[in-house]
>>> print(open('coords08.txt').read())   # compact mmCIF, C-alpha atoms
# COMPACT_ATOMS: atom_id res chain seq x y z
CA MET A 1 0.00 0.00 0.00
CA TRP A 2 1.40 3.38 -1.01
CA THR A 3 0.70 6.58 0.93
CA ALA A 4 1.42 10.05 -0.41
CA VAL A 5 3.64 12.10 1.90
CA GLY A 6 4.43 15.52 0.48
CA ASN A 7 6.10 14.90 -2.88
CA TYR A 8 6.92 11.28 -2.04
CA LEU A 9 5.25 7.90 -1.94
CA LEU A 10 5.77 5.82 1.19
CA ARG A 11 4.90 2.15 1.45
CA SER A 12 3.55 1.58 4.95
CA LYS A 13 5.04 -0.84 7.52
CA VAL A 14 8.25 -1.53 5.63
CA TYR A 15 10.22 1.68 5.96
CA GLN A 16 12.43 0.32 8.74
CA ASP A 17 14.56 -1.63 6.25
CA CYS A 18 16.65 1.09 4.61
CA PRO A 19 18.01 -0.75 1.53
CA ARG A 20 14.45 -1.10 0.20
CA VAL A 21 14.86 1.86 -2.07
CA SER A 22 11.60 0.79 -3.72
CA LEU A 23 9.78 1.96 -0.63
CA LEU A 24 10.68 5.62 -1.00
CA ILE A 25 10.43 7.09 -4.46
CA GLN A 26 9.47 10.36 -5.99
CA LYS A 27 6.20 10.13 -7.91
CA SER A 28 7.94 10.77 -11.19
CA ARG A 29 10.42 7.87 -10.75
CA SER A 30 10.18 4.21 -11.60
CA THR A 31 10.20 1.52 -8.91
CA ILE A 32 13.46 -0.22 -8.02
CA THR A 33 13.43 -3.40 -5.94
CA ARG A 34 16.57 -4.57 -4.16
CA SER A 35 15.67 -6.83 -1.27
CA PRO A 36 13.39 -9.76 -0.38
CA PRO A 37 10.08 -9.21 1.43
CA LEU A 38 9.67 -9.10 5.17
CA GLN A 39 8.27 -12.10 7.03
CA TYR A 40 4.53 -12.09 7.71
CA SER A 41 2.68 -13.82 10.51
CA ALA A 42 -1.08 -13.62 11.07
CA GLY A 43 -1.23 -10.51 8.94
CA VAL A 44 1.30 -8.60 11.04
CA VAL A 45 4.67 -7.49 9.74
CA GLN A 46 7.42 -9.15 11.74
CA ALA A 47 10.86 -7.57 12.00
CA ALA A 48 13.70 -9.85 10.98
CA GLN A 49 15.23 -9.27 14.39
CA PRO A 50 14.06 -7.61 17.63
CA PHE A 51 14.70 -3.94 18.22
CA ASN A 52 17.90 -3.42 20.17
CA MET A 53 18.92 -0.21 21.92
CA ASN A 54 22.65 -0.78 21.29
CA ALA A 55 23.66 2.63 20.03
CA ARG A 56 26.85 2.19 18.01
CA ILE A 57 26.75 2.97 14.31
CA GLN A 58 28.35 0.85 11.60
CA LYS A 59 27.70 3.22 8.71
CA VAL A 60 25.40 6.02 7.61
CA GLU A 61 24.09 6.85 4.15
CA ALA A 62 21.67 9.19 2.39
CA LEU A 63 18.85 7.76 0.26
CA ASP A 64 16.26 8.99 -2.22
CA ALA A 65 18.01 12.15 -3.45
CA ASN A 66 19.25 12.74 0.11
CA HIS A 67 15.72 13.14 1.49
CA PHE A 68 16.25 10.23 3.90
CA VAL A 69 19.17 9.18 6.09
CA CYS A 70 19.70 5.49 6.79
CA ILE A 71 21.73 4.41 9.80
CA HIS A 72 23.16 0.89 9.96
CA TRP A 73 23.71 -0.12 13.58
CA GLU A 74 26.46 -2.44 14.79
CA ASP A 75 23.81 -4.83 16.14
CA GLY A 76 22.61 -5.41 12.57
CA GLY A 77 19.53 -3.19 12.73
CA LYS A 78 18.75 -0.24 10.49
CA SER A 79 16.87 3.01 11.07
CA LEU A 80 15.49 5.44 8.51
CA TYR A 81 15.14 9.15 9.29
CA PRO A 82 13.48 11.77 7.05
CA SER A 83 15.88 14.63 6.36
CA VAL A 84 13.19 17.22 7.13
CA TRP A 85 12.75 15.71 10.60
CA LEU A 86 16.49 15.81 11.24
CA ARG A 87 16.68 19.45 10.17
CA ASP A 88 13.66 20.34 12.29
CA ASN A 89 15.31 18.70 15.32
CA CYS A 90 18.80 20.09 14.96
CA GLN A 91 20.32 20.26 18.43
CA CYS A 92 22.69 23.18 17.89
CA PRO A 93 22.30 26.25 20.15
CA ASP A 94 20.78 28.29 17.31
CA CYS A 95 18.01 25.74 16.80
CA PHE A 96 17.45 24.31 20.29
CA LEU A 97 17.39 25.88 23.78
CA HIS A 98 18.96 23.16 25.91
CA SER A 99 18.24 24.86 29.24
CA ALA A 100 14.51 24.58 28.49
CA LYS A 101 14.71 21.50 26.26
CA ALA A 102 12.70 23.42 23.68
CA ARG A 103 12.95 24.01 19.95
CA LYS A 104 14.02 27.49 18.80
CA LEU A 105 13.90 26.92 15.05
CA PRO A 106 10.68 28.51 13.68
CA LEU A 107 8.68 26.32 11.35
CA GLU A 108 8.53 29.29 8.99
CA ASP A 109 12.29 28.87 8.47
CA LEU A 110 12.10 25.12 7.79
CA ASP A 111 12.48 23.89 4.21
CA VAL A 112 10.08 20.94 4.18
CA ASP A 113 11.65 19.58 0.97
CA THR A 114 15.20 19.70 2.29
CA GLY A 115 17.76 17.00 1.69
CA VAL A 116 21.22 16.64 3.21
CA LYS A 117 24.23 18.07 1.39
CA ASP A 118 26.78 15.90 3.16
CA ILE A 119 26.73 13.35 5.95
CA THR A 120 29.60 11.77 7.91
CA LEU A 121 30.05 9.43 10.87
CA THR A 122 32.36 10.25 13.80
CA ASP A 123 33.70 7.57 16.16
CA ARG A 124 30.62 5.42 15.46
CA LYS A 125 28.73 7.56 17.95
CA LYS A 126 27.88 10.80 16.15
CA VAL A 127 26.30 11.73 12.84
CA TYR A 128 27.43 15.02 11.33
CA ILE A 129 25.23 16.66 8.66
CA ILE A 130 25.84 19.64 6.39
CA TRP A 131 22.63 21.12 4.98
CA PRO A 132 22.22 22.84 1.57
CA ASN A 133 22.38 26.29 3.21
CA GLU A 134 25.66 25.25 4.94
CA HIS A 135 24.01 24.96 8.37
CA THR A 136 25.43 22.00 10.33
CA SER A 137 23.86 19.53 12.75
CA GLU A 138 25.33 16.87 14.97
CA PHE A 139 23.33 13.97 16.43
CA GLU A 140 24.35 11.49 19.12
CA ALA A 141 23.82 7.83 18.25
CA GLU A 142 21.87 7.11 21.43
CA TRP A 143 19.58 10.10 20.80
CA LEU A 144 18.87 8.88 17.28
CA LYS A 145 18.26 5.26 18.22
CA LYS A 146 15.75 6.22 20.88
CA ARG A 147 13.82 8.15 18.22
CA CYS A 148 13.93 5.49 15.54
CA PHE A 149 10.79 5.41 13.37
CA SER A 150 10.43 1.62 13.37
CA GLU A 151 7.28 0.19 14.93
CA GLN A 152 9.32 -1.56 17.63
CA ALA A 153 11.11 1.63 18.66
CA ARG A 154 7.93 3.71 18.60
CA ALA A 155 6.12 1.10 20.71
CA LYS A 156 8.97 1.17 23.22
CA MET A 157 8.84 4.96 23.37
CA ARG A 158 5.06 4.96 23.88
CA GLU A 159 5.48 2.48 26.73
CA GLU A 160 8.12 4.60 28.43
CA LEU A 161 6.32 7.93 28.02
CA PHE A 162 2.69 6.95 28.57
CA VAL A 163 2.62 3.52 30.31
CA PRO A 164 -0.38 2.51 28.15
CA GLU A 165 -0.79 -1.07 29.40
CA HIS A 166 -3.92 -1.84 31.42
CA GLU A 167 -4.44 -4.82 33.71
CA TYR A 168 -8.19 -5.46 33.64
CA TRP A 169 -9.96 -6.96 36.63
CA GLY A 170 -13.30 -8.06 38.07
CA SER A 171 -14.40 -9.32 41.47
CA ASP A 172 -11.17 -11.34 41.67
CA LEU A 173 -9.07 -8.16 42.08
CA GLN A 174 -6.13 -8.58 44.44
CA PHE A 175 -6.30 -5.09 45.95
CA PRO A 176 -2.84 -3.46 45.70
CA GLU A 177 -1.79 -2.04 49.08
CA MET A 178 1.16 0.12 50.08
CA SER A 179 2.31 2.11 53.11
CA PHE A 180 1.33 5.78 53.00
CA GLU A 181 4.54 6.80 54.79
CA ASP A 182 6.68 4.75 52.40
CA VAL A 183 5.10 6.53 49.43
CA LEU A 184 5.92 9.91 51.00
CA SER A 185 9.50 9.04 51.93
CA SER A 186 10.72 6.61 49.27
CA ASP A 187 11.08 7.33 45.56
CA GLU A 188 10.99 3.60 44.84
CA SER A 189 7.68 3.23 46.69
CA ALA A 190 6.22 6.32 45.06
CA TYR A 191 7.22 5.00 41.64
CA THR A 192 5.62 1.62 42.38
CA TRP A 193 2.45 3.38 43.61
CA LEU A 194 2.01 5.53 40.52
CA SER A 195 2.95 2.87 37.99
CA THR A 196 0.51 0.43 39.64
CA LEU A 197 -2.16 3.13 39.71
CA LYS A 198 -1.69 3.68 35.99
CA LYS A 199 -1.75 -0.03 35.13
CA VAL A 200 -4.34 -1.46 37.54
CA GLY A 201 -6.33 1.72 38.18
CA ILE A 202 -6.52 1.50 41.97
CA VAL A 203 -4.12 1.32 44.96
CA MET A 204 -4.86 1.44 48.70
CA LEU A 205 -2.43 3.39 50.88
CA THR A 206 -2.50 2.42 54.56
CA GLY A 207 -1.31 3.96 57.81
CA ALA A 208 -2.15 7.63 57.30
CA ALA A 209 -3.04 9.73 60.33
CA THR A 210 -6.77 10.02 61.07
CA ARG A 211 -6.95 13.77 60.61
CA GLN A 212 -7.56 16.20 57.79
CA GLY A 213 -4.57 17.33 55.74
CA GLU A 214 -2.97 13.99 54.83
CA LEU A 215 -4.12 14.38 51.21
CA VAL A 216 -2.30 17.69 51.01
CA LYS A 217 0.91 15.78 51.75
CA LEU A 218 0.04 13.35 48.98
CA GLY A 219 -0.58 16.28 46.65
CA LYS A 220 2.83 17.72 47.38
CA ARG A 221 4.37 14.30 46.73
CA ILE A 222 3.08 14.31 43.17
CA GLY A 223 3.23 18.07 42.61
CA PHE A 224 -0.15 19.60 43.44
CA LEU A 225 -3.84 18.75 43.77
CA ARG A 226 -6.65 19.74 41.41
CA LEU A 227 -8.79 22.65 42.59
CA THR A 228 -12.51 22.30 41.81
CA PHE A 229 -15.72 24.06 42.82
CA TYR A 230 -15.78 21.86 45.95
CA GLY A 231 -12.37 23.14 47.05
CA PRO A 232 -8.79 21.79 47.01
CA THR A 233 -10.01 19.05 49.38
CA TRP A 234 -13.56 18.27 50.47
CA GLN A 235 -15.23 16.51 53.38
CA VAL A 236 -17.50 13.53 52.62
CA GLN A 237 -19.87 13.38 55.57
CA ASP A 238 -23.57 13.75 56.31
CA LYS A 239 -24.55 17.42 55.97
CA MET A 240 -27.74 19.37 56.37
CA ASP A 241 -29.09 20.68 53.04
CA ALA A 242 -26.39 18.73 51.22
CA ASN A 243 -25.23 20.29 47.94
CA ASN A 244 -24.01 16.89 46.71
CA VAL A 245 -25.53 13.40 47.04
CA ALA A 246 -22.22 12.19 48.50
CA TYR A 247 -22.88 14.42 51.53
CA THR A 248 -25.80 12.23 52.64
CA THR A 249 -26.04 8.81 54.29
CA GLY A 250 -27.82 7.22 51.33
CA LYS A 251 -26.49 4.63 48.91
CA LEU A 252 -24.28 5.95 46.12
CA ASN A 253 -24.54 3.99 42.88
CA PHE A 254 -21.54 3.43 40.63
CA HIS A 255 -20.32 6.67 39.11
CA THR A 256 -17.29 8.64 38.04
CA ASP A 257 -16.78 12.06 39.58
CA TYR A 258 -17.29 15.32 37.73
CA PRO A 259 -18.36 14.35 34.19
CA VAL A 260 -19.95 17.80 34.28
CA LEU A 261 -16.46 19.23 33.70
CA GLN A 262 -15.11 19.31 30.16
CA HIS A 263 -11.92 17.77 31.57
CA PRO A 264 -12.87 15.66 34.61
CA PRO A 265 -10.19 14.98 37.26
CA GLY A 266 -8.10 11.98 36.28
CA VAL A 267 -7.39 10.59 39.75
CA GLN A 268 -9.30 10.65 43.00
CA PHE A 269 -8.02 10.26 46.58
CA LEU A 270 -10.36 9.33 49.45
CA HIS A 271 -8.96 9.30 52.99
CA CYS A 272 -10.94 7.52 55.71
CA ILE A 273 -10.81 9.58 58.91
CA LYS A 274 -13.79 7.98 60.66
CA GLN A 275 -15.81 4.92 59.71
CA THR A 276 -19.30 3.89 60.72
CA THR A 277 -19.71 0.53 62.46
CA ALA A 278 -22.63 -0.57 60.29
CA GLY A 279 -22.93 0.07 56.56
CA GLY A 280 -20.85 2.48 54.51
CA GLU A 281 -19.04 -0.21 52.51
CA SER A 282 -17.24 0.96 49.39
CA GLU A 283 -17.60 -0.55 45.93
CA VAL A 284 -15.44 -0.24 42.81
CA VAL A 285 -15.66 -1.64 39.30
CA ASP A 286 -13.29 -1.53 36.33
CA GLY A 287 -15.23 0.50 33.77
CA PHE A 288 -12.86 -0.39 30.93
CA HIS A 289 -13.24 -4.10 31.63
CA VAL A 290 -17.04 -3.81 31.74
CA SER A 291 -17.07 -1.73 28.55
CA ARG A 292 -15.10 -4.45 26.77
CA LYS A 293 -17.67 -6.98 27.99
CA LEU A 294 -20.50 -4.79 26.72
CA LYS A 295 -18.85 -4.48 23.31
CA GLN A 296 -18.62 -8.27 23.08
CA GLN A 297 -22.16 -8.92 24.26
CA ASN A 298 -23.99 -6.05 22.57
CA PRO A 299 -21.95 -4.09 20.01
CA GLN A 300 -24.94 -1.86 19.24
CA ALA A 301 -25.28 -0.78 22.88
CA PHE A 302 -21.54 -0.06 23.00
CA GLN A 303 -21.82 1.99 19.80
CA ILE A 304 -24.68 4.06 21.26
CA LEU A 305 -22.85 4.80 24.53
CA SER A 306 -19.60 5.64 22.73
CA SER A 307 -21.23 8.00 20.23
CA THR A 308 -24.12 9.74 22.05
CA LEU A 309 -23.39 13.06 23.75
CA VAL A 310 -25.10 13.16 27.15
CA ASP A 311 -25.83 16.39 29.03
CA PHE A 312 -24.56 16.79 32.61
CA THR A 313 -25.25 19.67 35.01
CA ASP A 314 -24.27 20.81 38.51
CA VAL A 315 -25.43 24.06 40.09
CA GLY A 316 -24.82 25.27 43.64
CA VAL A 317 -22.48 26.96 46.11
CA ASP A 318 -19.40 25.53 47.84
CA TYR A 319 -15.85 26.84 47.33
CA CYS A 320 -17.67 29.48 45.33
CA ASP A 321 -20.99 29.56 43.50
CA PHE A 322 -21.07 27.50 40.32
CA SER A 323 -23.22 26.60 37.35
CA MET A 324 -21.62 23.84 35.28
CA GLN A 325 -22.76 22.21 32.07
CA SER A 326 -21.14 19.69 29.73
CA LYS A 327 -21.77 17.12 27.03
CA GLN A 328 -19.94 13.81 27.36
CA LYS A 329 -20.04 10.35 25.84
CA ILE A 330 -20.57 7.68 28.50
CA ILE A 331 -17.76 5.62 26.94
CA GLN A 332 -15.16 7.93 25.40
CA ILE A 333 -12.98 6.48 22.66
CA ASN A 334 -9.74 8.19 21.61
CA ASP A 335 -8.37 8.68 18.10
CA ARG A 336 -6.58 5.31 18.28
CA GLY A 337 -9.86 3.47 18.88
CA GLU A 338 -8.98 2.79 22.53
CA MET A 339 -11.13 3.47 25.59
CA ASP A 340 -10.02 6.78 27.01
CA ARG A 341 -12.53 7.61 29.74
CA ILE A 342 -15.84 6.65 31.34
CA ASN A 343 -18.15 9.63 31.96
CA TYR A 344 -21.09 8.52 34.07
CA ASN A 345 -22.80 10.05 37.07
CA ASN A 346 -26.54 9.42 37.19
CA ALA A 347 -27.03 12.11 39.85
CA THR A 348 -25.73 14.91 37.61
CA ARG A 349 -27.07 13.57 34.30
CA ASP A 350 -29.23 16.47 33.13
CA THR A 351 -32.97 16.45 32.41
CA VAL A 352 -32.00 18.21 29.19
CA PHE A 353 -31.14 15.60 26.56
CA ASP A 354 -30.02 17.08 23.28
CA ILE A 355 -30.80 14.20 20.89
CA SER A 356 -33.73 13.39 18.63
CA ALA A 357 -36.75 11.76 20.31
CA GLU A 358 -36.48 8.43 18.48
CA LYS A 359 -32.96 7.88 19.82
CA VAL A 360 -33.92 8.30 23.50
CA GLN A 361 -35.31 4.85 24.30
CA PRO A 362 -32.42 2.96 22.58
CA PHE A 363 -30.01 5.08 24.62
CA TYR A 364 -31.75 4.19 27.89
CA ALA A 365 -31.74 0.52 26.94
CA ALA A 366 -28.00 0.63 26.21
CA LEU A 367 -27.22 2.53 29.42
CA LYS A 368 -29.33 0.12 31.50
CA GLU A 369 -27.42 -2.85 30.09
CA PHE A 370 -24.11 -1.12 30.91
CA VAL A 371 -25.22 -0.35 34.48
CA ASN A 372 -26.43 -3.92 34.97
CA LEU A 373 -22.98 -5.16 33.97
CA LEU A 374 -21.36 -2.68 36.38
CA ASN A 375 -23.45 -4.11 39.22
CA SER A 376 -22.79 -7.74 38.34
CA THR A 377 -21.14 -9.67 41.17
CA GLU A 378 -18.51 -10.96 38.74
CA HIS A 379 -17.32 -7.41 38.06
CA LYS A 380 -17.59 -5.36 41.26
CA VAL A 381 -15.38 -5.37 44.35
CA THR A 382 -16.79 -4.51 47.80
CA TYR A 383 -14.57 -3.49 50.71
CA LYS A 384 -14.74 -1.37 53.84
CA MET A 385 -12.18 1.32 54.50
CA LYS A 386 -10.54 1.56 57.89
CA PRO A 387 -9.51 4.85 59.52
CA GLY A 388 -6.10 5.74 58.09
CA ASP A 389 -6.76 4.15 54.69
CA ILE A 390 -6.43 6.25 51.53
CA VAL A 391 -7.87 4.74 48.37
CA THR A 392 -6.35 6.20 45.19
CA PHE A 393 -7.99 5.38 41.88
CA ASP A 394 -8.29 6.28 38.21
CA ASN A 395 -11.44 8.42 37.98
CA TRP A 396 -11.46 8.02 34.18
CA ARG A 397 -11.63 4.23 34.45
CA VAL A 398 -12.81 3.05 37.88
CA LEU A 399 -16.40 3.74 38.92
CA HIS A 400 -17.05 3.83 42.65
CA GLY A 401 -20.04 3.63 44.97
CA ARG A 402 -20.98 3.39 48.63
CA GLY A 403 -23.49 1.53 50.74
CA SER A 404 -25.93 3.48 52.89
CA TYR A 405 -25.46 3.92 56.64
CA GLN A 406 -27.41 5.32 59.59
CA SER A 407 -27.08 8.94 60.61
CA GLY A 408 -26.87 9.95 64.26
CA LYS A 409 -26.37 12.89 66.55
CA GLU A 410 -22.67 12.87 65.75
CA ILE A 411 -20.90 12.41 62.41
CA ALA A 412 -20.68 8.65 61.96
CA ARG A 413 -18.50 8.54 58.85
CA HIS A 414 -15.93 11.04 57.58
CA LEU A 415 -13.80 10.82 54.44
CA GLU A 416 -11.66 13.61 53.05
CA GLY A 417 -11.41 13.71 49.27
CA ALA A 418 -9.15 15.32 46.70
CA TYR A 419 -8.41 15.16 42.98
CA ALA A 420 -5.32 15.19 40.80
CA ASP A 421 -4.93 15.42 37.04
CA TRP A 422 -3.31 12.64 35.05
CA ASP A 423 -0.90 15.21 33.59
CA VAL A 424 0.47 15.82 37.08
CA ILE A 425 0.54 12.10 37.94
CA MET A 426 2.34 11.18 34.72
CA SER A 427 4.82 14.02 35.14
CA ARG A 428 5.79 12.73 38.58
CA LEU A 429 5.88 9.14 37.30
CA ARG A 430 8.34 10.09 34.53
CA CYS A 431 10.52 12.04 36.98
CA LEU A 432 10.54 9.12 39.41
CA ARG A 433 11.25 6.69 36.60
CA LYS A 434 14.34 8.68 35.66
CA THR A 435 15.46 8.74 39.30
CA VAL A 436 14.66 5.15 40.23
CA LEU A 437 15.53 3.41 36.98
CA ASN A 438 18.14 5.94 35.85
CA LYS A 439 16.49 6.26 32.45
CA ASN A 440 16.58 9.46 30.41
>>> encode(input="coords08.txt", output="structure tokens")
Amino acid sequence: MWTAVGNYLLRSKVYQDCPRVSLLIQKSRSTITRSPPLQYSAGVVQAAQPFNMNARIQKVEALDANHFVCIHWEDGGKSLYPSVWLRDNCQCPDCFLHSAKARKLPLEDLDVDTGVKDITLTDRKKVYIIWPNEHTSEFEAEWLKKRCFSEQARAKMREELFVPEHEYWGSDLQFPEMSFEDVLSSDESAYTWLSTLKKVGIVMLTGAATRQGELVKLGKRIGFLRLTFYGPTWQVQDKMDANNVAYTTGKLNFHTDYPVLQHPPGVQFLHCIKQTTAGGESEVVDGFHVSRKLKQQNPQAFQILSSTLVDFTDVGVDYCDFSMQSKQKIIQINDRGEMDRINYNNATRDTVFDISAEKVQPFYAALKEFVNLLNSTEHKVTYKMKPGDIVTFDNWRVLHGRGSYQSGKEIARHLEGAYADWDVIMSRLRCLRKTVLNKN
């Protein structure tokens, strides 16, 4: 399959093997074939050998009228780099501000059709390029190998930067637990906490003091907490004239927090300060796992919930007065076709429903099937927090609920809550990864 890229034709999935000059040709040229095909297995292109991060160069050459640079590594692998990308990412002081790790070269000054004028290899560790306008660039071998355009290298980079793997679970979840104090004091423990949170979606921290303010410490450990209309932290307890259903003693059905925001908080912290003797059990369910089940059992219901914009609303006074409104898909799919977020809170789902009348009943039927799956005993996990416990979970993935409990003259149950954004969590995870694993 050929794909047009600028003035060139690129055959997908095979570019990692540089000698295949047939893969990169100008439209006006004839095709030249020089090497045998790659191996195929179950319809997936298989590399002849696994990607290796050994960063010593055997030789370097320019291909296709110097519009591509091919690097032959000493481990036998090859990497192909577009010349325009190399010019755009020149690391010289005129083009790159190293103190900020930011590009200085304006795109307006970039020749998108550039080739290389000359290219040389120094000590098998550096590639030196002279450009047509006599500008020069120098690239370290390790820097280049890490940014290789092969599928294996790009997959490795995605894994390091975004930790995309999910471990799905149902009622058989082995609840991850860690010491709160260890997370605060040890980089290794903090790294394990955040990486587990990203992969599994939930981690219990134990041994925190039974007083308000412990979540502020946790916020400082990651960077900072997310401020919302309910404050930087908020107290989950029975309140007169409650401005949120969580501030009652009634049952809370499975929900994610704050779908009424255009960008809901990514992570939620709940710290148990006081627990009632009867009732008040917590429940969690893996929304991604249940969504996958729904897609298998009823693809049409999944399609409705992943395509219908639902109105959410929240109006009141707390940290300040607020009047919030949003439209969200219950199951949000990203551009890669992967589940990105669950947006569901029945309490704040608006009476306004901005769809045509004939689509309303099918939507309700789809949502009811999803909710029934959430409440299935094979999917949900029930537990009871103890004073000093802090449950940390992915608010984009894990739906949570609570059993009812009896109110009394005194406050019977008290949890302090807080939010953090995934951007902050992932930033701290990358910093800790560099510290703990010594990876750049």
>>> closest_residue(input="coords08.txt", among="A:Cys272, A:His135, A:Pro164, A:Thr192", to="Met339 in chain A", atoms="all atoms listed in the file")
A:Pro164
>>> closest_residue(input="coords08.txt", among="A:Ala278, A:Leu270, A:Val203, A:Ile129", to="Val216 in chain A", atoms="all atoms listed in the file")
A:Leu270
>>> atom_distance(input="coords08.txt", atom1="CA of Gly250 in chain A", atom2="CA of Gly401 in chain A")
10.7 Å
>>> residues_around(input="coords08.txt", residues="Val352 in chain A", least_positions_apart="3", cutoff="12 Å", atoms="only C-alpha atoms", output="MDAnalysis selection string")
chainID A and resid 309:313 325:327 348:349 355:357 360
>>> atom_distance(input="coords08.txt", atom1="CA of Ala190 in chain A", atom2="CA of Ile222 in chain A")
8.8 Å
>>> closest_atom_pairs(input="coords08.txt", of="range 124-240 of chain A", to="range 86-97 of chain A", cutoff="9 Å", atoms="all atoms listed in the file", output="CSV")
residue,atom,partner,partner_atom,distance
A:Trp131,CA,A:Arg87,CA,8.1
A:Thr136,CA,A:Cys92,CA,8.1
A:Ser137,CA,A:Cys90,CA,5.5
A:Glu138,CA,A:Gln91,CA,7.0
A:Phe139,CA,A:Gln91,CA,7.3
>>> atom_distance(input="coords08.txt", atom1="CA of Asn66 in chain A", atom2="CA of Lys78 in chain A")
16.6 Å
>>> residues_around(input="coords08.txt", residues="Gln297 in chain A", least_positions_apart="5", cutoff="12 Å", atoms="only C-alpha atoms", output="ChimeraX atom specification")
/A:290-292,302-303,366,369-370,373
>>> residues_near_point(input="coords08.txt", point="(-9.8, 17.5, 36.7)", cutoff="10 Å", atoms="all atoms listed in the file", output="compact mmCIF listing (two decimals) with C-alpha atoms, keeping the file's coordinate frame")
# COMPACT_ATOMS: atom_id res chain seq x y z
CA LEU A 225 -3.84 18.75 43.77
CA ARG A 226 -6.65 19.74 41.41
CA LEU A 227 -8.79 22.65 42.59
CA THR A 228 -12.51 22.30 41.81
CA ASP A 257 -16.78 12.06 39.58
CA TYR A 258 -17.29 15.32 37.73
CA PRO A 259 -18.36 14.35 34.19
CA LEU A 261 -16.46 19.23 33.70
CA GLN A 262 -15.11 19.31 30.16
CA HIS A 263 -11.92 17.77 31.57
CA PRO A 264 -12.87 15.66 34.61
CA PRO A 265 -10.19 14.98 37.26
CA GLY A 266 -8.10 11.98 36.28
CA VAL A 267 -7.39 10.59 39.75
CA GLN A 268 -9.30 10.65 43.00
CA ASN A 395 -11.44 8.42 37.98
CA TRP A 396 -11.46 8.02 34.18
CA TYR A 419 -8.41 15.16 42.98
CA ALA A 420 -5.32 15.19 40.80
CA ASP A 421 -4.93 15.42 37.04
CA TRP A 422 -3.31 12.64 35.05
CA ASP A 423 -0.90 15.21 33.59
>>> residues_around(input="coords08.txt", residues="Ile411 in chain A", least_positions_apart="6", cutoff="12 Å", atoms="all atoms listed in the file", output="VMD selection string")
chain A and resid 235 to 240 247 to 249 273 to 277 405
